[in-house]
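Visitor: Quick one: the structure is below, and I'll ask about it shortly.
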Amino acid sequence: MKTITLIVVILFGVLYVISRIQTNSVQSSPDVNISMSEENANHSINVSQTDYPANNLPVKNIIADELSPVINEAVEETETPETPNYAIKLLMDSQYYEEEVENDIGVHRGWLGLYRQKNKYLLLPTTIEVKKVRHNLRDDKDSEEKTGRQVSSNIKLPNVFLLKNARMLRRGEVTTVFYGNEDDSEHINRTYRRSFDFNGEKYTLFVEDSSGEDGEHLTGKSKMVITRGNTRQIIYRTDYCSDCAWDLCWVGDLDRDGNLDFMFNLNSHYNSTCHTLFLSSQTKKGEIVRDVAEVCQMGC
């Protein structure tokens, strides 16, 4: 009897142990599956990383690199530069601050210069020289510091302006109908109006202003307008005007396409000059001229 009872107790004990093992196995199986799924996921990520040929960079870096130009471009689109990045370089035979001239000190080839020889105007190949000098407004006479840059050309004729990368131009005589430096530049105010007849076309320059203010002085609502026949174009406007002063500097057919080109000083501040060249051969539909080059100088 004791033997049978002992056997029964042992059997119950064995059954209890087996049931506990099965229970533990079922409870632990989700953890095992999660661990396996994480491992598979990590393996999948690693495989997809190797699918990118971009120097085996991690996926997140590749995505960031691909998106960053788009992000930068969006920022650049919302930030309007103060001046356009013109392909044609323009300089005057003049003195500049060092930061206003891109060219290093020395001689530079590949330029064109418009020169006046008595009653003729000639566009000629030239070299320019940039010298380090004392700036007559910034540097003291006794100072050894030279923050000025003197720009000059190797052709010793009165120079109107200097150009580089102007591949649409060729050397030779240039028809000129107005050169402001002969009688000082022609000042442009709100009452300004001047016309030029050229090759059977009438060009008229004038200023429009919507400020409602009295007087002749330019304002932040002033616009420089040109017309030719029935075509009208606003060629310059500014939202800021601190005693700004505009001048007509030169008018002629620089690109020799039979239409007039213009050089203005168009600045928004009394302490600066911004010479801007407009060509007729570089226009888009509906335009009379288009600005192609600019150089600005500050005063004291």
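How things are named: the first chain in the structure tokens is A, the next is B, and so on; residues count from 1 in each chain; ligands count from 1 in the order shown.
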Thr231 (chain A): which residues within 9 Å, counting only C-alpha atoms, same-chain residues fewer than 5 positions away excluded, as a VMD selection string?

Guide: chain A and resid 226 286 to 288

Visitor: Env of Arg149 (chain A): 6 Å cut, atoms = only C-alpha atoms, seq-sep filter 5 positions within chain, self excluded. Answer as an NGL selection string.

Guide: :A and (95-98 or 131-133)

Visitor: With only C-alpha atoms as the counted atoms, please give the residues lying no more than 12 Å from Glu213 (chain A), apart from itself and same-chain residues fewer than 6 positions off, as an mmCIF file with C-alpha atoms, in the first residue's frame.

Guide:
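So the final result, stored in result_9.cif, reads:
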```cif
data_model
loop_
_atom_site.group_PDB
_atom_site.id
_atom_site.type_symbol
_atom_site.label_atom_id
_atom_site.label_comp_id
_atom_site.auth_asym_id
_atom_site.auth_seq_id
_atom_site.Cartn_x
_atom_site.Cartn_y
_atom_site.Cartn_z
ATOM 1 C CA ARG A 190 11.180 112.868 -61.017
ATOM 2 C CA THR A 219 11.732 108.350 -53.651
ATOM 3 C CA GLY A 220 11.415 104.671 -52.826
ATOM 4 C CA LYS A 221 8.450 104.607 -55.232
ATOM 5 C CA SER A 222 10.374 105.972 -58.217
#
```

Visitor: Could you list, as an NGL selection string, every residue within 9 Å of region 114-125 of chain A, counting only C-alpha atoms and ignoring same-chain residues fewer than 6 positions away?

Guide: :A and (155-163 or 169-176 or 254)

Visitor: Hey, can you spit out that residue selection with N, CA and C atoms as a short mmCIF file (atom, residue, chain, number, x, y, z; two decimals), in the first residue's frame?

Guide:
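Wrote result-v3.cif, looks like this:
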```
data_model
loop_
_atom_site.label_atom_id
_atom_site.label_comp_id
_atom_site.auth_asym_id
_atom_site.auth_seq_id
_atom_site.Cartn_x
_atom_site.Cartn_y
_atom_site.Cartn_z
N ILE A 155 45.59 101.43 -72.78
CA ILE A 155 45.32 102.34 -73.90
C ILE A 155 45.12 103.74 -73.34
N LYS A 156 45.94 104.65 -73.74
CA LYS A 156 45.94 105.99 -73.17
C LYS A 156 45.01 106.93 -73.93
N LEU A 157 43.72 106.60 -73.89
CA LEU A 157 42.67 107.43 -74.41
C LEU A 157 41.61 107.57 -73.32
N PRO A 158 40.80 108.63 -73.35
CA PRO A 158 39.72 108.73 -72.36
C PRO A 158 38.84 107.49 -72.40
N ASN A 159 38.68 106.85 -71.26
CA ASN A 159 37.95 105.58 -71.19
C ASN A 159 36.53 105.81 -70.66
N VAL A 160 35.57 105.20 -71.34
CA VAL A 160 34.17 105.29 -70.91
C VAL A 160 33.87 104.19 -69.89
N PHE A 161 34.22 102.95 -70.23
CA PHE A 161 34.10 101.83 -69.30
C PHE A 161 34.88 100.64 -69.83
N LEU A 162 35.06 99.63 -68.96
CA LEU A 162 35.83 98.43 -69.28
C LEU A 162 34.95 97.20 -69.06
N LEU A 163 35.07 96.21 -69.97
CA LEU A 163 34.22 95.02 -69.91
C LEU A 163 35.04 93.75 -70.09
N LEU A 169 30.16 91.21 -78.12
CA LEU A 169 30.71 92.46 -78.63
C LEU A 169 31.95 92.21 -79.48
N ARG A 170 32.21 93.11 -80.41
CA ARG A 170 33.42 93.01 -81.23
C ARG A 170 34.04 94.40 -81.37
N ARG A 171 35.32 94.39 -81.62
CA ARG A 171 36.06 95.64 -81.68
C ARG A 171 35.61 96.48 -82.88
N GLY A 172 35.83 97.78 -82.77
CA GLY A 172 35.50 98.67 -83.87
C GLY A 172 34.84 99.95 -83.37
N GLU A 173 34.44 100.77 -84.30
CA GLU A 173 33.81 102.04 -83.96
C GLU A 173 32.39 101.80 -83.46
N VAL A 174 32.01 102.52 -82.41
CA VAL A 174 30.70 102.37 -81.79
C VAL A 174 29.94 103.69 -81.95
N THR A 175 28.76 103.60 -82.56
CA THR A 175 27.91 104.80 -82.68
C THR A 175 27.46 105.24 -81.30
N THR A 176 27.75 106.48 -80.97
CA THR A 176 27.41 107.04 -79.66
C THR A 176 26.58 108.30 -79.86
N LEU A 254 26.30 99.76 -78.68
CA LEU A 254 27.52 99.04 -78.33
C LEU A 254 27.60 97.67 -78.99
#
```

Visitor: Can you measure CA of Asn271 (chain A) to CA of Leu218 (chain A) for me? One decimal in Å is fine.

Guide: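 One can read the CA of Asn271 (chain A) to CA of Leu218 (chain A) distance as 14.9 Å.
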